[in-house]
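S.K.: Here's a structure for you.
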Amino acid sequence: MKEFARGFTRDAASLRRNLSASEEKIPTALPVLLDVVRGPEHLPADEESQEMLRGKLHILQADSTEVDAVFMELSAHLVSINSEDKVIFVTFKTFEEIWKFSTYYTTGFLGQCMENLLVDQKFWLSSLEEDISIEVSIQEETLNLLYKGILMQEGSLFASCVANQMFDSSTSGGDLYLEQGDIAQFEPPFLGSGWTVLCLADGSRGTAPNTALEPVTPFHQWFLKSCAESILVGDGKPACDFPLQCARGTCVATVEYDAEGPDELSMASGDHIIIVGLLVSCFEWFTGRKEATGEVGLVRTSLVKPTSNTYNSADIFLDGDEGSFFCLQENKVIEETTTLLKKKSHNDTGHYYKLDSSSSKVDSHQSELNTNIQRILDQNSSPDSVATMNGIEEDSALPTETQNPNLPCFTVHPVVEGNNNTENFIPLFSFLEGQDYKVEFGVLYGQSPELLTSSTFNGHSDKDELIAFLSVARETARKKRLFWSQTRLCFLLGKLCAGRSKFSQARVYFEEALSVPREGFTDLRLLASIYSNLVAIYLLQKNTESVFALMERLVALLMGIPGCLKIIEDDPVLKYMLKKAVLSHNKMAEAQACFLLAKHHWTRAEGARVVPYLERLVVLCAETQSISPSHGCLTLGRLYSELCLPHLSVSSARRASLQSSATLTDCLSSMLLVLDNVNKLYGITEQEAFVPVHVAPYLHRALSLTNVRGGGSDQYHLLSYQLTVCLCQLFTKQRMVGHAIQQMHTFINNSPASQRLPTSVPERNSALIWLAWLHINNKQPDVALDILDAVLASMPEHCTTPQEGVVLNMRGVALRCMGDLRRAAESYQSAIDICQEYEDLPNWAVAQANLGLLCLKAGAKGLAQRHLKEAAQLFSELDEEGHEENFITVLLELGQHYVKQQQLDYGKICYEWALLQAINANLLDCQLKATRHLCRLYGCESPDQAQCIIYNQHQVQLLRRTGDRRQEGDTLEAISQLYLTLGTDRAHRAALDYTKSSLGIYIDLGCREKEAYGWLHAGKIYHLLGQTELVDLYVQVAQDVALSTGDTRFILKLLEAAGDIFFNSSQDRDKAITFYKDRAMPIAVKSGSVNTRLRLCNKLTELMLSLKLHGEAVEFAQIALDISISQGESLNERVAYHRLATLYHCLQQYELAEHYYLKTLTLCPTPLQFDEETLYYVRVYQTLGDIIFYDLKDPFDAAGYYHLALAAAIDLGNKKSQLKLCTRLATIYHNFLIDRELSLFFYQKARVFAAELNVRRINISPDQLHSSASQCKNTGQ
């Protein structure tokens, strides 16, 4: 930050040239570098946090609407986003945008804006303990070059000379000479002309062919361009050799000096002069007080020198001025915060029953907590007790109506020439006379001519009559030597004449007012008022010399007397002060001038004009801590809010609360500001009782400050209670229940023993009931039960209340979690009895539902169904709102019960009813739950693809509203799969559209694995559609994405899945070989993935077998066999042997085929248990018989295999196989083994089977001999 403030003048090597845009390459965009850091040292956070940042940037990269809006507010224009490098590129169109953007960067607002934009909701809570933040950095040299390029395009710039230079004067006879560091206005060469320069000291102009200069900082550029040229400040050099830029303390006069007017201070050499306010070396005068006499007046800076008591001031505030601009009324802020938090964090736990949705018990008894809770319950708190608010009142930061003293009203008497009664002026003289200042005078000096005419004076018909009356009064005062009355009357006459545009006459009166006093001015506010009005007239009359002289004197008063600022009606003198400070390079004087300008416009409610000066003030004072950064940032936040800049407002409030100097008031005010602007950002109405998670850091900080500041007062104790409750609710919403419990325990344990909780008894009980509910949700039902028993014991014994029913119902939940179902049922029933007594239908419905859920847990399904139906009926009869979520939960539970009981129609009704209720109540989460139940119902229990698609599409719409893009992508992919199962060309195209939509989401989220599968799935659909040219493209992209993950296992899975597209198809099956053999297999071997390798070998074997690549297939079949043997998996080994035997059979290597078929049979289980196993025996033995009979020409051995096959076929009862085998045996015995008896036997058996199977003819002639290998090749088996 500190280096950046000097960044615009650092690049001297480039900027000292002629600032020609052609000499350097001007960049087009500025990279904004982002990083997640941890701890006060800002060390890089873990990779998970960095990935979170990249993911969010990836989403914004696809939809930049939100980030566009933020950077527009930051005065920048978004160019692009690089999520991988965590960089956002922005550009600028004007130097004012660079000025604003650099200011936001220096003050830290840019970093806070990025944090608000890029982090999720849970971050705000986790950062309370982990101290994680997003760090923003920019390339300053690039920003400098952008700044320079824009200035050159605009054609006129303010810059300081880097060396002494001479210019040819175009306005006077002599040359224009500028020294090193002098600031002037320059215009670049145009059409061959040289550089043109305008001197800011005296307005003279000059030219030069070349010049060496450095542009001033963007704020100075803006200010000097907006400042009128008529405001001349001289040469901008220090008025004297005073060694300190801004001094306080005591100085000593170096020469004797006689005052030239009543406003000046006479002094002798060696007199000690106390500096009133500040002595600034670049101004000619300062306000001083003579130490010996106490006289106050203006002193020339050049006539004094420092003493040992003179010191350089690092504080821009004057005595009596500090805090008046930034502080707030603490008691008002605490009261407003407490009221708002109580309204927004309203908790209904003490009034409404809770539905049981918790799980099992975890024992964590805490005796200390029970003791403190009992102490709180024993305190005698009145139901109507209200906390008292006793704060320390401080000045308001917002412009308010001050309680001005009442001015007396004076009667104007008619003026009769030559006959004026002096008694008519006595009341006026008695009020106006007096050397010293009175509060009433301050009101009088600040009144406009119209107000003077209408309220301070009455009895006159017009202004002329009033002026005549005051003129006579002035003359009378002069004659009576009432000098101060005369002076003030001259001042009033001057104001009235100026109001009528009679400026020359007004000037005469004001000048007379300065000359009348015979002794020094002690009413310095009157002096400042006269100066201010005279300066305005001199400016109108272009009296430059007089303007310069008076402005110097008026600046001295403003630097010394805080109240003088209220007298200033316009800002030329303040701009003069700032301009001279800038030209003199006096940072402290610049800070004081910015403060006065900001305060001047603030008191006039000119918020837009306050912002530039207050921003600059915060930047200047950040290092010295002259002004509390928290106060400055907070005030800026309020101004940004008024100017409809919510992102900046929230960021400045965050910066204010982060400062170590931040007070409780600052922190609470920041939180109120954030609440207001977060509502604007997210469209939250004021009626919604909602506390956004963004305020968590403010709640946490305010809570720590309250504990330090509060002591034992009810005011702070009540605030601490509301802060704790609000913070706990935020933790609970983000499912950080343990943190919520810890906060509540801390509050209870730290509550003073001698002080009661500043809330009513029902509110106290509600808080404790809610704490018990938190413990139940945190799986600590035993702790919850202790709390509930203590609350129940504190209630009246003979008078039941609705809140007692709340406790009993929650007791039932706790007991159920602990497994004590009997006592839980009793507690629920007691709660139901109270509901019946008070006719409390909503709570009655919840208690009935809890009883039904309890019965479900106990296995009493019929009883559970009855209670749940009664609960649903009670809910359906309710007219009031607020119970829809419980009703929906009951309907879903009842629907699940019906579905499990296979009463699907009732289940559908309950699910659809729940969905309608959720839509009616606009409950997104409940709509999602009901929709998912319906998707599961129509997808699994009662399959209906059309309905399943419809509800999944509705689920997508809901997920878009919730912003859960990951789940949206998964649901879109599920819809795509549903369309694929329909199998039509139209359905395939619909599936492709949904796949592409999900793919876009995965790309945005940076989900590499899902993205790769998305590309692959799209390629698969294109393959089904027959668009071959696109298949390879999509599959290749999927492969590239998978490789970019660097995850070997995932790469292997994807390559195999890519091969499966072709393997499972009837087209281009040979392409699968490339993926299996050339891509996946080497990775599987290298990574040692044995199962994948086995699977690939089996697929390659089957694929090559179908493609008749038998020789190549043998290698992979053998590898599969070796792996199966090494793993000891019998089934895999049998399959490998069978495939190897089939391959050798096709390759006509019959002996090897016979060997491996026999090995296969040895691995079959014995005895055979299933028909499929027996059928396998039949086919293998038949195949062996065919090999021996047809290929090896051995009828005898073939007959043996056929007999074995026939035995298995008989055992199986397969007549078709028996027909075929009997025919073969009859053929062998008839033609080869010449056994007529057996031949006739098998022939007759074959005839019987043929008759049964309606086969007309049996042929046992040997003419049908053929090769079994050819049959094997044809069938692929």
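Every chain in the structure tokens has a letter given in the order shown (A, B, ...), and although residue numbers restart at 1 in each chain, ligands are simply numbered from 1 in the order shown.
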Report as a list in words all protein, DNA and RNA residues lying within 7 Å of A:Gly812, evaluated on only C-alpha atoms, omitting residues in the same chain fewer than 5 positions from it.

M.R.: Ala824, Ala825, Ser827 and Tyr828 of chain A

S.K.: May I have all residues of stretch 1057-1228 of chain A that DSSP, computed from the backbone, assigns to helix (DSSP H, G or I), given as JSON, numbers by chain?

M.R.: {"A": [1057, 1058, 1059, 1060, 1061, 1062, 1063, 1071, 1072, 1073, 1074, 1075, 1076, 1077, 1078, 1079, 1080, 1081, 1082, 1083, 1084, 1085, 1086, 1087, 1090, 1091, 1092, 1093, 1094, 1095, 1096, 1097, 1098, 1099, 1100, 1101, 1102, 1103, 1104, 1105, 1106, 1110, 1111, 1112, 1113, 1114, 1115, 1116, 1117, 1118, 1119, 1120, 1121, 1122, 1123, 1124, 1125, 1126, 1127, 1130, 1131, 1132, 1133, 1134, 1135, 1136, 1137, 1138, 1139, 1140, 1141, 1142, 1143, 1144, 1145, 1146, 1150, 1151, 1152, 1153, 1154, 1155, 1156, 1157, 1158, 1159, 1160, 1161, 1162, 1171, 1172, 1173, 1174, 1175, 1176, 1177, 1178, 1179, 1180, 1181, 1182, 1183, 1184, 1185, 1186, 1187, 1188, 1189, 1190, 1191, 1195, 1196, 1197, 1198, 1199, 1200, 1201, 1202, 1203, 1204, 1205, 1206, 1207, 1208, 1209, 1210, 1211, 1212, 1215, 1216, 1217, 1218, 1219, 1220, 1221, 1222, 1223, 1224, 1225, 1226, 1227, 1228]}

S.K.: Would you mind listing what lies within 12 Å of A:His897 as a PDB file with N, CA, C and O atoms, in the first residue's frame, with only C-alpha atoms counted and same-chain residues fewer than 6 positions away left out?

M.R.:
ATOM      1  N   GLY A 852     -46.211 -40.484  15.466  1.00  0.00           N
ATOM      2  CA  GLY A 852     -46.177 -41.383  14.316  1.00  0.00           C
ATOM      3  C   GLY A 852     -44.757 -41.792  13.954  1.00  0.00           C
ATOM      4  O   GLY A 852     -44.486 -42.969  13.682  1.00  0.00           O
ATOM      5  N   LEU A 853     -43.826 -40.843  13.973  1.00  0.00           N
ATOM      6  CA  LEU A 853     -42.425 -41.158  13.669  1.00  0.00           C
ATOM      7  C   LEU A 853     -41.836 -42.077  14.727  1.00  0.00           C
ATOM      8  O   LEU A 853     -41.032 -42.965  14.427  1.00  0.00           O
ATOM      9  N   CYS A 855     -43.537 -44.311  16.413  1.00  0.00           N
ATOM     10  CA  CYS A 855     -44.077 -45.646  16.145  1.00  0.00           C
ATOM     11  C   CYS A 855     -43.353 -46.305  14.967  1.00  0.00           C
ATOM     12  O   CYS A 855     -43.137 -47.524  14.961  1.00  0.00           O
ATOM     13  N   LEU A 856     -42.978 -45.524  13.973  1.00  0.00           N
ATOM     14  CA  LEU A 856     -42.210 -46.073  12.864  1.00  0.00           C
ATOM     15  C   LEU A 856     -40.890 -46.642  13.353  1.00  0.00           C
ATOM     16  O   LEU A 856     -40.463 -47.720  12.936  1.00  0.00           O
ATOM     17  N   LYS A 857     -40.225 -45.909  14.247  1.00  0.00           N
ATOM     18  CA  LYS A 857     -38.941 -46.379  14.784  1.00  0.00           C
ATOM     19  C   LYS A 857     -39.142 -47.667  15.582  1.00  0.00           C
ATOM     20  O   LYS A 857     -38.281 -48.546  15.593  1.00  0.00           O
ATOM     21  N   GLY A 859     -41.401 -49.898  14.985  1.00  0.00           N
ATOM     22  CA  GLY A 859     -41.891 -50.978  14.132  1.00  0.00           C
ATOM     23  C   GLY A 859     -43.383 -51.149  14.140  1.00  0.00           C
ATOM     24  O   GLY A 859     -43.904 -52.079  13.521  1.00  0.00           O
ATOM     25  N   ALA A 860     -44.098 -50.241  14.825  1.00  0.00           N
ATOM     26  CA  ALA A 860     -45.565 -50.328  14.849  1.00  0.00           C
ATOM     27  C   ALA A 860     -46.107 -49.566  13.652  1.00  0.00           C
ATOM     28  O   ALA A 860     -46.532 -48.403  13.747  1.00  0.00           O
ATOM     29  N   LYS A 861     -46.100 -50.188  12.495  1.00  0.00           N
ATOM     30  CA  LYS A 861     -46.383 -49.484  11.253  1.00  0.00           C
ATOM     31  C   LYS A 861     -47.836 -49.036  11.156  1.00  0.00           C
ATOM     32  O   LYS A 861     -48.124 -47.950  10.648  1.00  0.00           O
ATOM     33  N   GLY A 862     -48.752 -49.857  11.604  1.00  0.00           N
ATOM     34  CA  GLY A 862     -50.164 -49.476  11.549  1.00  0.00           C
ATOM     35  C   GLY A 862     -50.448 -48.267  12.412  1.00  0.00           C
ATOM     36  O   GLY A 862     -51.149 -47.327  11.997  1.00  0.00           O
ATOM     37  N   LEU A 863     -49.924 -48.291  13.640  1.00  0.00           N
ATOM     38  CA  LEU A 863     -50.122 -47.159  14.550  1.00  0.00           C
ATOM     39  C   LEU A 863     -49.440 -45.904  14.011  1.00  0.00           C
ATOM     40  O   LEU A 863     -49.973 -44.791  14.104  1.00  0.00           O
ATOM     41  N   ALA A 864     -48.267 -46.092  13.438  1.00  0.00           N
ATOM     42  CA  ALA A 864     -47.537 -44.960  12.862  1.00  0.00           C
ATOM     43  C   ALA A 864     -48.355 -44.328  11.742  1.00  0.00           C
ATOM     44  O   ALA A 864     -48.473 -43.096  11.650  1.00  0.00           O
ATOM     45  N   GLN A 865     -48.941 -45.176  10.881  1.00  0.00           N
ATOM     46  CA  GLN A 865     -49.738 -44.661   9.771  1.00  0.00           C
ATOM     47  C   GLN A 865     -50.931 -43.858  10.275  1.00  0.00           C
ATOM     48  O   GLN A 865     -51.249 -42.801   9.739  1.00  0.00           O
ATOM     49  N   ARG A 866     -51.560 -44.341  11.360  1.00  0.00           N
ATOM     50  CA  ARG A 866     -52.722 -43.627  11.901  1.00  0.00           C
ATOM     51  C   ARG A 866     -52.335 -42.251  12.436  1.00  0.00           C
ATOM     52  O   ARG A 866     -52.986 -41.241  12.144  1.00  0.00           O
ATOM     53  N   LEU A 868     -49.653 -40.431  11.670  1.00  0.00           N
ATOM     54  CA  LEU A 868     -49.201 -39.551  10.594  1.00  0.00           C
ATOM     55  C   LEU A 868     -50.383 -39.032   9.781  1.00  0.00           C
ATOM     56  O   LEU A 868     -50.396 -37.866   9.357  1.00  0.00           O
ATOM     57  N   LYS A 869     -51.402 -39.877   9.562  1.00  0.00           N
ATOM     58  CA  LYS A 869     -52.587 -39.430   8.838  1.00  0.00           C
ATOM     59  C   LYS A 869     -53.335 -38.365   9.645  1.00  0.00           C
ATOM     60  O   LYS A 869     -53.809 -37.370   9.085  1.00  0.00           O
ATOM     61  N   VAL A 890     -44.183 -34.190   7.023  1.00  0.00           N
ATOM     62  CA  VAL A 890     -45.101 -35.265   7.406  1.00  0.00           C
ATOM     63  C   VAL A 890     -45.611 -35.999   6.162  1.00  0.00           C
ATOM     64  O   VAL A 890     -45.671 -37.236   6.122  1.00  0.00           O
ATOM     65  N   LEU A 891     -45.970 -35.249   5.124  1.00  0.00           N
ATOM     66  CA  LEU A 891     -46.465 -35.884   3.894  1.00  0.00           C
ATOM     67  C   LEU A 891     -45.393 -36.762   3.260  1.00  0.00           C
ATOM     68  O   LEU A 891     -45.683 -37.860   2.761  1.00  0.00           O
ATOM     69  N   GLN A 903     -47.916 -49.607  -1.330  1.00  0.00           N
ATOM     70  CA  GLN A 903     -49.142 -48.875  -1.654  1.00  0.00           C
ATOM     71  C   GLN A 903     -48.727 -47.652  -2.468  1.00  0.00           C
ATOM     72  O   GLN A 903     -48.757 -46.509  -1.995  1.00  0.00           O
ATOM     73  N   LEU A 904     -48.331 -47.923  -3.708  1.00  0.00           N
ATOM     74  CA  LEU A 904     -47.665 -46.897  -4.515  1.00  0.00           C
ATOM     75  C   LEU A 904     -48.577 -45.727  -4.851  1.00  0.00           C
ATOM     76  O   LEU A 904     -48.128 -44.582  -4.922  1.00  0.00           O
ATOM     77  N   ASP A 905     -49.864 -45.999  -5.080  1.00  0.00           N
ATOM     78  CA  ASP A 905     -50.782 -44.907  -5.433  1.00  0.00           C
ATOM     79  C   ASP A 905     -50.902 -43.907  -4.286  1.00  0.00           C
ATOM     80  O   ASP A 905     -50.910 -42.691  -4.503  1.00  0.00           O
ATOM     81  N   TYR A 906     -51.011 -44.409  -3.051  1.00  0.00           N
ATOM     82  CA  TYR A 906     -51.059 -43.515  -1.896  1.00  0.00           C
ATOM     83  C   TYR A 906     -49.741 -42.742  -1.753  1.00  0.00           C
ATOM     84  O   TYR A 906     -49.730 -41.564  -1.387  1.00  0.00           O
ATOM     85  N   GLY A 907     -48.649 -43.451  -2.022  1.00  0.00           N
ATOM     86  CA  GLY A 907     -47.345 -42.783  -1.941  1.00  0.00           C
ATOM     87  C   GLY A 907     -47.244 -41.641  -2.939  1.00  0.00           C
ATOM     88  O   GLY A 907     -46.759 -40.543  -2.611  1.00  0.00           O
ATOM     89  N   LYS A 908     -47.716 -41.864  -4.175  1.00  0.00           N
ATOM     90  CA  LYS A 908     -47.701 -40.806  -5.189  1.00  0.00           C
ATOM     91  C   LYS A 908     -48.523 -39.612  -4.727  1.00  0.00           C
ATOM     92  O   LYS A 908     -48.129 -38.452  -4.885  1.00  0.00           O
ATOM     93  N   CYS A 910     -49.229 -38.606  -1.697  1.00  0.00           N
ATOM     94  CA  CYS A 910     -48.542 -37.873  -0.625  1.00  0.00           C
ATOM     95  C   CYS A 910     -47.386 -37.034  -1.185  1.00  0.00           C
ATOM     96  O   CYS A 910     -47.215 -35.859  -0.826  1.00  0.00           O
ATOM     97  N   TYR A 911     -46.586 -37.625  -2.072  1.00  0.00           N
ATOM     98  CA  TYR A 911     -45.463 -36.893  -2.662  1.00  0.00           C
ATOM     99  C   TYR A 911     -45.943 -35.688  -3.465  1.00  0.00           C
ATOM    100  O   TYR A 911     -45.389 -34.581  -3.352  1.00  0.00           O
TER     101      TYR A 911
END
